[in-house]
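Engineer: Input final.csv, format and content: CSV, C-alpha atoms and all ligand atoms.
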chain,number,residue,atom,x,y,z
A,1,MET,CA,-14.3,-4.9,24.9
A,2,GLY,CA,-14.9,-4.5,21.1
A,3,ARG,CA,-13.0,-2.6,18.5
A,4,ALA,CA,-9.7,-1.6,20.1
A,5,ALA,CA,-6.2,-0.2,19.8
A,6,LEU,CA,-3.2,-2.1,21.2
A,7,VAL,CA,-0.4,0.3,22.1
A,8,THR,CA,2.9,-1.0,23.2
A,9,GLY,CA,5.3,1.2,25.2
A,10,ALA,CA,2.3,3.2,26.6
A,11,SER,CA,3.9,3.9,30.0
A,12,SER,CA,5.7,7.1,28.7
A,13,GLY,CA,6.6,9.3,25.8
A,14,LEU,CA,5.0,8.7,22.4
A,15,GLY,CA,3.0,5.6,23.5
A,16,GLU,CA,1.3,7.6,26.2
A,17,GLU,CA,0.4,10.3,23.6
A,18,PHE,CA,-1.0,7.7,21.2
A,19,ALA,CA,-3.2,6.3,24.0
A,20,ARG,CA,-4.6,9.8,24.6
A,21,LEU,CA,-5.3,10.3,20.9
A,22,PHE,CA,-7.2,7.0,20.6
A,23,ALA,CA,-9.2,7.6,23.8
A,24,ASN,CA,-10.2,11.1,22.5
A,25,ASP,CA,-11.5,9.4,19.4
A,26,GLY,CA,-13.5,6.9,21.6
A,27,VAL,CA,-11.4,3.9,20.7
A,28,ASP,CA,-11.0,1.2,23.5
A,29,LEU,CA,-7.4,0.5,24.5
A,30,ILE,CA,-5.1,-2.2,25.6
A,31,LEU,CA,-1.9,-0.7,27.0
A,32,VAL,CA,1.4,-2.7,27.2
A,33,ALA,CA,4.7,-2.0,28.9
A,34,ARG,CA,6.7,-3.2,31.8
A,35,ARG,CA,5.8,-0.5,34.4
A,36,ARG,CA,2.4,-1.6,35.5
A,37,GLU,CA,1.8,1.4,37.9
A,38,ARG,CA,2.4,3.9,35.1
A,39,LEU,CA,0.0,2.0,32.8
A,40,GLU,CA,-2.7,1.8,35.5
A,41,SER,CA,-2.6,5.5,36.3
A,42,LEU,CA,-2.8,6.4,32.6
A,43,ALA,CA,-5.7,3.9,32.2
A,44,ASP,CA,-7.5,5.5,35.2
A,45,ALA,CA,-7.1,8.9,33.6
A,46,LEU,CA,-8.3,7.7,30.2
A,47,ARG,CA,-11.4,5.9,31.6
A,48,ALA,CA,-12.4,8.9,33.7
A,49,PRO,CA,-14.6,10.7,31.1
A,50,GLY,CA,-16.5,7.4,30.6
A,51,LYS,CA,-16.0,7.2,26.9
A,52,VAL,CA,-13.6,4.2,26.6
A,53,SER,CA,-12.7,0.9,28.2
A,54,VAL,CA,-9.0,0.4,28.9
A,55,GLN,CA,-7.1,-2.8,29.8
A,56,VAL,CA,-3.5,-3.0,31.0
A,57,ILE,CA,-1.1,-5.8,30.3
A,58,ALA,CA,2.3,-5.5,32.1
A,59,ALA,CA,4.8,-7.4,30.0
A,60,ASP,CA,8.5,-7.4,29.0
A,61,LEU,CA,8.5,-7.4,25.2
A,62,GLY,CA,12.1,-8.5,25.4
A,63,VAL,CA,11.0,-11.8,26.6
A,64,PRO,CA,9.4,-14.0,23.9
A,65,GLY,CA,7.1,-15.8,26.5
A,66,ASP,CA,5.7,-12.4,27.6
A,67,VAL,CA,5.0,-11.5,24.0
A,68,GLU,CA,3.0,-14.7,23.6
A,69,ARG,CA,1.1,-14.0,26.9
A,70,VAL,CA,0.2,-10.5,25.5
A,71,ILE,CA,-1.4,-12.2,22.5
A,72,ARG,CA,-3.3,-14.7,24.7
A,73,GLU,CA,-4.5,-12.0,27.0
A,74,VAL,CA,-5.8,-9.8,24.2
A,75,GLN,CA,-7.7,-12.8,22.9
A,76,ALA,CA,-9.1,-13.5,26.3
A,77,HIS,CA,-10.4,-9.9,26.6
A,78,GLY,CA,-12.3,-10.6,23.4
A,79,ALA,CA,-10.8,-7.5,21.8
A,80,GLU,CA,-11.0,-6.9,18.1
A,81,ILE,CA,-7.6,-5.2,17.4
A,82,GLU,CA,-8.4,-2.6,14.7
A,83,PHE,CA,-5.3,-0.6,15.5
A,84,LEU,CA,-1.9,-2.0,16.4
A,85,VAL,CA,0.7,0.5,17.4
A,86,ASN,CA,4.2,-1.1,17.8
A,87,ASN,CA,5.8,1.7,19.6
A,88,ALA,CA,7.8,0.1,22.5
A,89,GLY,CA,11.5,0.5,21.8
A,90,LEU,CA,14.8,1.4,23.3
A,91,GLY,CA,18.2,2.8,22.2
A,92,ASN,CA,21.7,2.7,23.4
A,93,VAL,CA,24.8,4.7,22.6
A,94,GLY,CA,28.5,3.8,22.8
A,95,PRO,CA,31.0,1.6,20.9
A,96,PHE,CA,29.6,-1.8,20.1
A,97,ALA,CA,32.7,-3.8,21.1
A,98,GLY,CA,32.7,-4.0,24.9
A,99,SER,CA,29.1,-3.0,25.2
A,100,ALA,CA,26.7,-5.0,27.4
A,101,LEU,CA,25.5,-7.9,25.1
A,102,GLY,CA,22.2,-8.1,27.0
A,103,THR,CA,21.3,-4.5,26.0
A,104,GLN,CA,22.2,-5.1,22.4
A,105,LEU,CA,20.1,-8.2,22.2
A,106,MET,CA,17.2,-6.5,24.1
A,107,MET,CA,17.1,-3.9,21.3
A,108,VAL,CA,16.8,-6.7,18.8
A,109,ASP,CA,14.1,-8.4,20.8
A,110,VAL,CA,12.0,-5.4,21.6
A,111,ASN,CA,12.5,-3.2,18.5
A,112,ILE,CA,12.4,-6.0,16.0
A,113,ARG,CA,11.3,-9.4,17.3
A,114,ALA,CA,8.2,-8.3,19.3
A,115,LEU,CA,7.1,-6.0,16.5
A,116,VAL,CA,7.2,-8.8,13.9
A,117,ARG,CA,5.5,-11.2,16.3
A,118,LEU,CA,2.6,-8.9,17.2
A,119,THR,CA,2.1,-7.8,13.6
A,120,HIS,CA,2.0,-11.4,12.5
A,121,ALA,CA,-0.5,-12.2,15.3
A,122,PHE,CA,-3.0,-9.5,14.6
A,123,LEU,CA,-2.8,-8.9,10.9
A,124,PRO,CA,-4.9,-12.0,9.8
A,125,ALA,CA,-8.0,-10.9,11.7
A,126,MET,CA,-7.7,-7.4,10.3
A,127,LEU,CA,-7.5,-8.8,6.8
A,128,GLN,CA,-10.5,-11.0,7.4
A,129,ARG,CA,-12.5,-7.9,8.5
A,130,ARG,CA,-10.9,-5.9,5.6
A,131,ARG,CA,-10.3,-3.2,8.2
A,132,GLY,CA,-7.3,-2.3,10.3
A,133,ARG,CA,-4.3,0.0,10.8
A,134,VAL,CA,-0.8,-1.0,11.8
A,135,LEU,CA,1.5,1.9,13.0
A,136,ASN,CA,5.1,1.0,13.6
A,137,ILE,CA,7.5,3.4,15.1
A,138,GLY,CA,10.7,3.4,13.1
A,139,SER,CA,13.1,6.4,13.2
A,140,THR,CA,15.2,8.7,11.1
A,141,ALA,CA,18.0,6.7,12.7
A,142,GLY,CA,17.0,3.9,10.3
A,143,LEU,CA,17.9,6.0,7.3
A,144,GLN,CA,21.7,5.7,7.8
A,145,PRO,CA,24.2,3.6,9.7
A,146,GLY,CA,24.8,4.9,13.2
A,147,PRO,CA,28.3,4.5,14.6
A,148,PHE,CA,28.1,4.5,18.4
A,149,GLY,CA,24.5,3.4,18.2
A,150,ALA,CA,25.0,0.6,15.6
A,151,VAL,CA,22.4,-1.9,16.8
A,152,TYR,CA,19.8,0.7,17.5
A,153,TYR,CA,20.2,2.4,14.0
A,154,ALA,CA,20.1,-1.0,12.3
A,155,SER,CA,17.0,-2.1,14.3
A,156,LYS,CA,15.2,1.0,13.1
A,157,ALA,CA,16.4,0.4,9.5
A,158,PHE,CA,14.6,-3.0,9.8
A,159,VAL,CA,11.4,-1.4,11.1
A,160,ASN,CA,11.4,1.2,8.3
A,161,SER,CA,12.0,-1.3,5.6
A,162,PHE,CA,9.7,-4.0,7.0
A,163,THR,CA,6.8,-1.7,7.4
A,164,GLU,CA,7.1,-0.1,3.9
A,165,ALA,CA,7.2,-3.5,2.3
A,166,LEU,CA,4.2,-4.6,4.3
A,167,ALA,CA,2.3,-1.4,3.3
A,168,HIS,CA,2.8,-2.4,-0.4
A,169,GLU,CA,1.7,-6.0,0.2
A,170,LEU,CA,-1.5,-4.7,1.9
A,171,LYS,CA,-2.6,-2.5,-1.0
A,172,GLY,CA,-6.3,-3.0,-1.7
A,173,THR,CA,-7.0,-5.1,1.4
A,174,GLY,CA,-8.6,-2.4,3.5
A,175,VAL,CA,-5.7,-2.7,6.0
A,176,THR,CA,-2.8,-0.3,6.0
A,177,ALA,CA,0.7,-0.2,7.5
A,178,THR,CA,2.4,3.1,8.4
A,179,VAL,CA,5.9,3.6,9.6
A,180,SER,CA,6.5,6.8,11.6
A,181,LEU,CA,10.1,8.2,11.5
A,182,PRO,CA,10.6,10.6,14.5
A,183,GLY,CA,13.9,12.4,14.8
A,184,ALA,CA,15.1,13.5,18.3
A,185,THR,CA,12.0,13.8,20.5
A,186,ALA,CA,11.6,14.9,24.1
A,187,THR,CA,10.7,11.6,25.9
A,188,GLU,CA,12.5,9.3,28.3
A,189,PHE,CA,14.2,7.7,25.3
A,190,ALA,CA,17.5,9.8,25.6
A,191,SER,CA,18.0,9.0,29.2
A,192,VAL,CA,17.4,5.3,28.7
A,193,ALA,CA,19.8,5.3,25.7
A,194,GLY,CA,22.4,7.5,27.5
A,195,SER,CA,22.2,9.9,24.6
A,196,GLY,CA,20.8,13.0,26.3
A,197,GLU,CA,24.1,14.8,26.0
A,198,SER,CA,24.7,13.9,22.4
A,199,ARG,CA,24.9,16.5,19.7
A,200,LEU,CA,21.7,15.0,18.2
A,201,PHE,CA,19.6,15.8,21.3
A,202,ARG,CA,21.3,19.1,22.0
A,203,SER,CA,20.6,20.3,18.5
A,204,GLY,CA,16.8,20.6,19.2
A,205,VAL,CA,14.0,18.1,19.8
A,206,MET,CA,10.3,17.9,18.9
A,207,THR,CA,7.7,17.3,21.6
A,208,SER,CA,6.1,13.9,21.9
A,209,ALA,CA,2.6,15.4,21.4
A,210,GLU,CA,3.6,17.0,18.1
A,211,VAL,CA,5.2,13.7,16.8
A,212,ALA,CA,2.4,11.5,18.0
A,213,ARG,CA,-0.3,13.7,16.5
A,214,ASP,CA,1.4,13.7,13.1
A,215,ALA,CA,2.0,9.9,13.2
A,216,TYR,CA,-1.6,9.3,14.2
A,217,ARG,CA,-2.9,11.4,11.4
A,218,ALA,CA,-0.7,9.6,8.9
A,219,MET,CA,-1.9,6.2,10.1
A,220,LEU,CA,-5.5,7.3,9.8
A,221,HIS,CA,-4.8,8.4,6.2
A,222,GLY,CA,-3.1,5.0,5.5
A,223,LYS,CA,0.2,6.7,4.5
A,224,ALA,CA,3.1,4.2,4.2
A,225,PHE,CA,5.9,6.4,5.5
A,226,VAL,CA,6.0,9.6,7.4
A,227,VAL,CA,9.0,11.7,8.6
A,228,HIS,CA,8.0,14.3,11.3
A,229,GLY,CA,9.0,18.0,11.2
A,230,TRP,CA,10.8,20.0,8.4
A,231,LYS,CA,14.3,19.5,10.0
A,232,ASN,CA,14.0,15.7,10.0
A,233,LYS,CA,12.6,15.8,6.4
A,234,VAL,CA,15.7,17.8,5.2
A,235,LEU,CA,18.0,15.5,7.1
A,236,GLY,CA,16.2,12.4,5.6
A,237,PHE,CA,16.6,13.8,2.1
A,238,SER,CA,20.2,14.8,2.5
A,239,VAL,CA,21.4,11.4,3.7
A,240,ARG,CA,20.2,10.0,0.4
A,241,LEU,CA,22.4,12.4,-1.6
A,242,GLY,CA,25.6,12.4,0.5
A,243,PRO,CA,28.5,10.0,0.0
A,244,ARG,CA,28.2,7.1,2.4
A,245,SER,CA,31.6,7.9,4.1
A,246,VAL,CA,30.4,11.4,4.9
A,247,VAL,CA,27.0,10.2,6.1
A,248,ARG,CA,28.6,7.8,8.5
A,249,ALA,CA,31.0,10.4,9.8
A,250,ILE,CA,28.2,12.9,10.5
A,251,SER,CA,26.1,10.2,12.1
A,252,ALA,CA,29.0,9.3,14.4
A,253,ALA,CA,29.6,12.9,15.3
A,254,MET,CA,25.9,13.4,16.2
A,255,ASN,CA,26.1,10.4,18.6
A,256,LYS,CA,29.1,11.7,20.4
A,257,THR,CA,28.3,12.9,23.9
A,258,GLY,CA,31.3,15.3,24.4
A,259,SER,CA,31.4,18.9,23.0
B,301,LIG,N1,12.5,9.9,21.5
B,301,LIG,C1,13.2,9.9,20.4
B,301,LIG,O1,14.1,10.7,20.1
B,301,LIG,C2,12.9,8.9,19.3
B,301,LIG,C3,13.3,9.1,18.0
B,301,LIG,C4,13.1,8.1,17.0
B,301,LIG,C5,12.3,7.0,17.3
B,301,LIG,N2,11.9,6.8,18.6
B,301,LIG,C6,11.1,5.6,18.9
B,301,LIG,O2,9.9,5.9,19.5
B,301,LIG,C7,9.4,4.8,20.3
B,301,LIG,C8,8.9,5.3,21.6
B,301,LIG,O3,9.9,5.8,22.4
B,301,LIG,P1,9.9,7.1,23.2
B,301,LIG,O4,10.7,8.2,22.5
B,301,LIG,O5,8.5,7.4,23.6
B,301,LIG,O6,10.7,6.7,24.5
B,301,LIG,P2,10.3,6.3,26.0
B,301,LIG,O7,9.7,7.5,26.7
B,301,LIG,O8,11.6,5.8,26.6
B,301,LIG,O9,9.2,5.2,25.8
B,301,LIG,C9,9.6,3.8,25.5
B,301,LIG,C10,8.4,2.9,25.8
B,301,LIG,O10,8.8,1.6,25.4
B,301,LIG,C11,8.6,0.7,26.5
B,301,LIG,N3,9.5,-0.4,26.6
B,301,LIG,C12,10.9,-0.3,26.5
B,301,LIG,N4,11.4,-1.5,26.7
B,301,LIG,C13,10.4,-2.4,26.8
B,301,LIG,C14,10.3,-3.8,27.1
B,301,LIG,N5,11.3,-4.5,27.2
B,301,LIG,N6,9.0,-4.3,27.2
B,301,LIG,C15,7.9,-3.5,27.1
B,301,LIG,N7,8.0,-2.2,26.9
B,301,LIG,C16,9.2,-1.6,26.8
B,301,LIG,C17,8.8,1.6,27.8
B,301,LIG,O11,8.0,1.1,28.9
B,301,LIG,P3,8.6,0.4,30.2
B,301,LIG,O12,9.9,1.0,30.5
B,301,LIG,O13,7.5,0.7,31.2
B,301,LIG,O14,8.6,-1.1,29.8
B,301,LIG,C18,8.1,2.9,27.3
B,301,LIG,O15,6.8,2.9,27.5
B,301,LIG,C19,10.6,3.9,20.4
B,301,LIG,O16,10.4,2.8,19.5
B,301,LIG,C20,11.8,4.7,19.9
B,301,LIG,O17,12.8,3.9,19.4
B,301,LIG,C21,12.1,7.7,19.6
Step by step, read the file and then write its structure as structure tokens.
Ligand SMILES: NC(=O)c1ccc[n+]([C@@H]2O[C@H](COP(=O)([O-])OP(=O)(O)OC[C@H]3O[C@@H](n4cnc5c(N)ncnc54)[C@H](OP(=O)(O)O)[C@@H]3O)[C@@H](O)[C@H]2O)c1

Structural biologist:
Amino acid sequence: MGRAALVTGASSGLGEEFARLFANDGVDLILVARRRERLESLADALRAPGKVSVQVIAADLGVPGDVERVIREVQAHGAEIEFLVNNAGLGNVGPFAGSALGTQLMMVDVNIRALVRLTHAFLPAMLQRRRGRVLNIGSTAGLQPGPFGAVYYASKAFVNSFTEALAHELKGTGVTATVSLPGATATEFASVAGSGESRLFRSGVMTSAEVARDAYRAMLHGKAFVVHGWKNKVLGFSVRLGPRSVVRAISAAMNKTGS
């Protein structure tokens, strides 16, 4: 395996779409997620036209030892990671007090810790080659605090901020970092998060293909920051203008699951 893309969270939703986009462009792939069977069947489909080589690494990115194993296995495959897509992530809705601590910490470990570790692992070689693209999946959720989704929103604020800062540090190196900010998107995310019945998801969603295509294009152009769809762009702009108390109240209402 030569020049390749490492895509985390490739077993469904946006990650699966990113994998298809890279394969269409003839880029070899390493797919990471927990559900091996899903990854294997996607890998078979992507290999079928005979254009790309695809490796699968089943790993729980909420477990630091598994993240280290991913890094070792990528090195063992001899892959040159030219594209790193930190897409794996999960959300959760409900009041923080009384929530399952394991789920809250899992969001920190997958959405933040694994993303930082993988970026730190693959960036030096990209810089040495003076070529590479990092695409981190943040969220419009990271643009404001999210009552009844507090840890998820804060984890995405981290991803948005970290990636934009990195993009600036990387100027002139030949390597770029892009943060993609999807709003509500039709994937398995809402059912995992328990937010499928929330106002946010009932008020309209984009398709994963639309979002992934837009994010992929922004990454290829080396854009630092991209919000997908006009509705999300308007929302992103309005939270900058509104008083914080109003922004918090609207965000809380959007996370409510009742009518
Ligand atoms: N859908 C939305 O409305 C929305 C909006 C804004 C941002 N996002 C972000 O978009 C990214 C992709 O999510 P999606 O919408 O495509 O949702 P999804 O369909 O639920 O996909 C999430 C992916 O992350 C993987 N994942 C979750 N926990 C993992 C773990 N512990 N270890 C390894 N992989 C793990 C899942 O694979 P396994 O279950 O097989 O491990 C799956 O492939 C996430 O970062 C999410 O926060 C989504």

Engineer: Counting only C-alpha atoms and all ligand atoms, which protein, DNA or RNA residues come within 6 Å of ligand LIG 301 (chain B), given as a short mmCIF file (atom, residue, chain, number, x, y, z; two decimals) with C-alpha atoms, keeping the file's coordinate frame?

Structural biologist:
data_model
loop_
_atom_site.label_atom_id
_atom_site.label_comp_id
_atom_site.auth_asym_id
_atom_site.auth_seq_id
_atom_site.Cartn_x
_atom_site.Cartn_y
_atom_site.Cartn_z
CA GLY A 9 5.30 1.20 25.20
CA ALA A 10 2.30 3.20 26.60
CA SER A 11 3.90 3.90 30.00
CA SER A 12 5.70 7.10 28.70
CA GLY A 13 6.60 9.30 25.80
CA LEU A 14 5.00 8.70 22.40
CA GLY A 15 3.00 5.60 23.50
CA ALA A 33 4.70 -2.00 28.90
CA ARG A 34 6.70 -3.20 31.80
CA ARG A 35 5.80 -0.50 34.40
CA ALA A 59 4.80 -7.40 30.00
CA ASP A 60 8.50 -7.40 29.00
CA LEU A 61 8.50 -7.40 25.20
CA GLY A 62 12.10 -8.50 25.40
CA ASN A 87 5.80 1.70 19.60
CA ALA A 88 7.80 0.10 22.50
CA GLY A 89 11.50 0.50 21.80
CA LEU A 90 14.80 1.40 23.30
CA VAL A 110 12.00 -5.40 21.60
CA ILE A 137 7.50 3.40 15.10
CA GLY A 138 10.70 3.40 13.10
CA SER A 139 13.10 6.40 13.20
CA PRO A 182 10.60 10.60 14.50
CA GLY A 183 13.90 12.40 14.80
CA ALA A 184 15.10 13.50 18.30
CA THR A 185 12.00 13.80 20.50
CA ALA A 186 11.60 14.90 24.10
CA THR A 187 10.70 11.60 25.90
CA GLU A 188 12.50 9.30 28.30
CA PHE A 189 14.20 7.70 25.30
#

Engineer: With all atoms listed in the file as the counted atoms, please give the residues lying no more than 8 Å from A:Arg131, apart from itself and same-chain residues fewer than 5 positions off, as a PDB file with C-alpha atoms, keeping the file's coordinate frame.

Structural biologist:
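Output file selection_29.pdb follows:
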ATOM      1  CA  GLU A  82      -8.400  -2.600  14.700  1.00  0.00           C
ATOM      2  CA  MET A 126      -7.700  -7.400  10.300  1.00  0.00           C
ATOM      3  CA  THR A 173      -7.000  -5.100   1.400  1.00  0.00           C
ATOM      4  CA  GLY A 174      -8.600  -2.400   3.500  1.00  0.00           C
ATOM      5  CA  VAL A 175      -5.700  -2.700   6.000  1.00  0.00           C
TER       6      VAL A 175
END

Engineer: Could you check the closest approach to A:Glu169 for each of A:Met1, A:Leu101, A:Leu127, A:Ala141 and tell me which residue wins, using all atoms listed in the file?

Structural biologist: A:Leu127

Engineer: Can you tell me which residues surround stretch 148-160 of chain A at a distance of at most 9 Å, considering all atoms listed in the file, apart from same-chain residues fewer than 6 positions away, and format the answer as JSON, numbers by chain?

Structural biologist: {"A": [90, 91, 92, 93, 94, 95, 96, 104, 105, 107, 108, 111, 112, 115, 116, 136, 137, 138, 139, 140, 141, 142, 179, 180, 181, 225, 251, 252, 255, 256]}

Engineer: Could you list, as a list of chain:residue names, every residue within 10 Å of A:Glu210, counting all atoms listed in the file and ignoring same-chain residues fewer than 2 positions away?

Structural biologist: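 Near neighbours after the sequence-gap exclusion: A:Leu14, A:Glu17, A:Thr185, A:Met206, A:Thr207, A:Ser208, A:Ala212, A:Arg213, A:Asp214, A:Ala215, A:His228, A:Gly229.
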
Engineer: At what distance in Å, to one decimal, does atom CA of A:Val85 lie from atom CA of A:Ser238?

Structural biologist: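 So the answer is 28.4 Å.
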
Engineer: Atom CA of A:Arg130 to atom CA of A:Leu29: how many Å, to one decimal?

Structural biologist: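 Atom-to-atom, atom CA of A:Arg130 to atom CA of A:Leu29, that is 20.3 Å.
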
Engineer: Identify which of the residues A:Asp109, A:Ser198, A:Tyr216, A:Val239 lies closest to A:Ala19, counting all atoms listed in the file when measuring atom-to-atom distances.

Structural biologist: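 Closest to A:Ala19, using all atoms listed in the file: A:Tyr216.
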
Engineer: What does the structure give for the distance between atom CA of A:Ala249 and atom CA of A:Ala165, in Å to one decimal?

Structural biologist: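 Going from atom CA of A:Ala249 over to atom CA of A:Ala165, I get 28.6 Å.
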
Engineer: I'd like the contact shell of A:Glu197 - 10 Å cut-off, all atoms listed in the file, skipping same-chain residues fewer than 2 positions apart - returned as a list of chain:residue names.

Structural biologist: A:Ala190, A:Ser191, A:Gly194, A:Ser195, A:Arg199, A:Leu200, A:Phe201, A:Arg202, A:Ser203, A:Asn255, A:Lys256, A:Thr257, A:Gly258, A:Ser259

Engineer: Could you check the closest approach to A:Gly2 for each of A:Asp28, A:Glu164, A:Asp66, A:Glu37 and tell me which residue wins, using only C-alpha atoms?

Structural biologist: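 Residue with the minimum atom-to-atom distance to A:Gly2: A:Asp28.
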
Engineer: With distances taken over all atoms listed in the file, which residue among A:Leu42, A:Ala97, A:Ile57, A:Ile30 lies nearest A:Ala79?

Structural biologist: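 For A:Ala79, the nearest of the given residues is A:Ile30.
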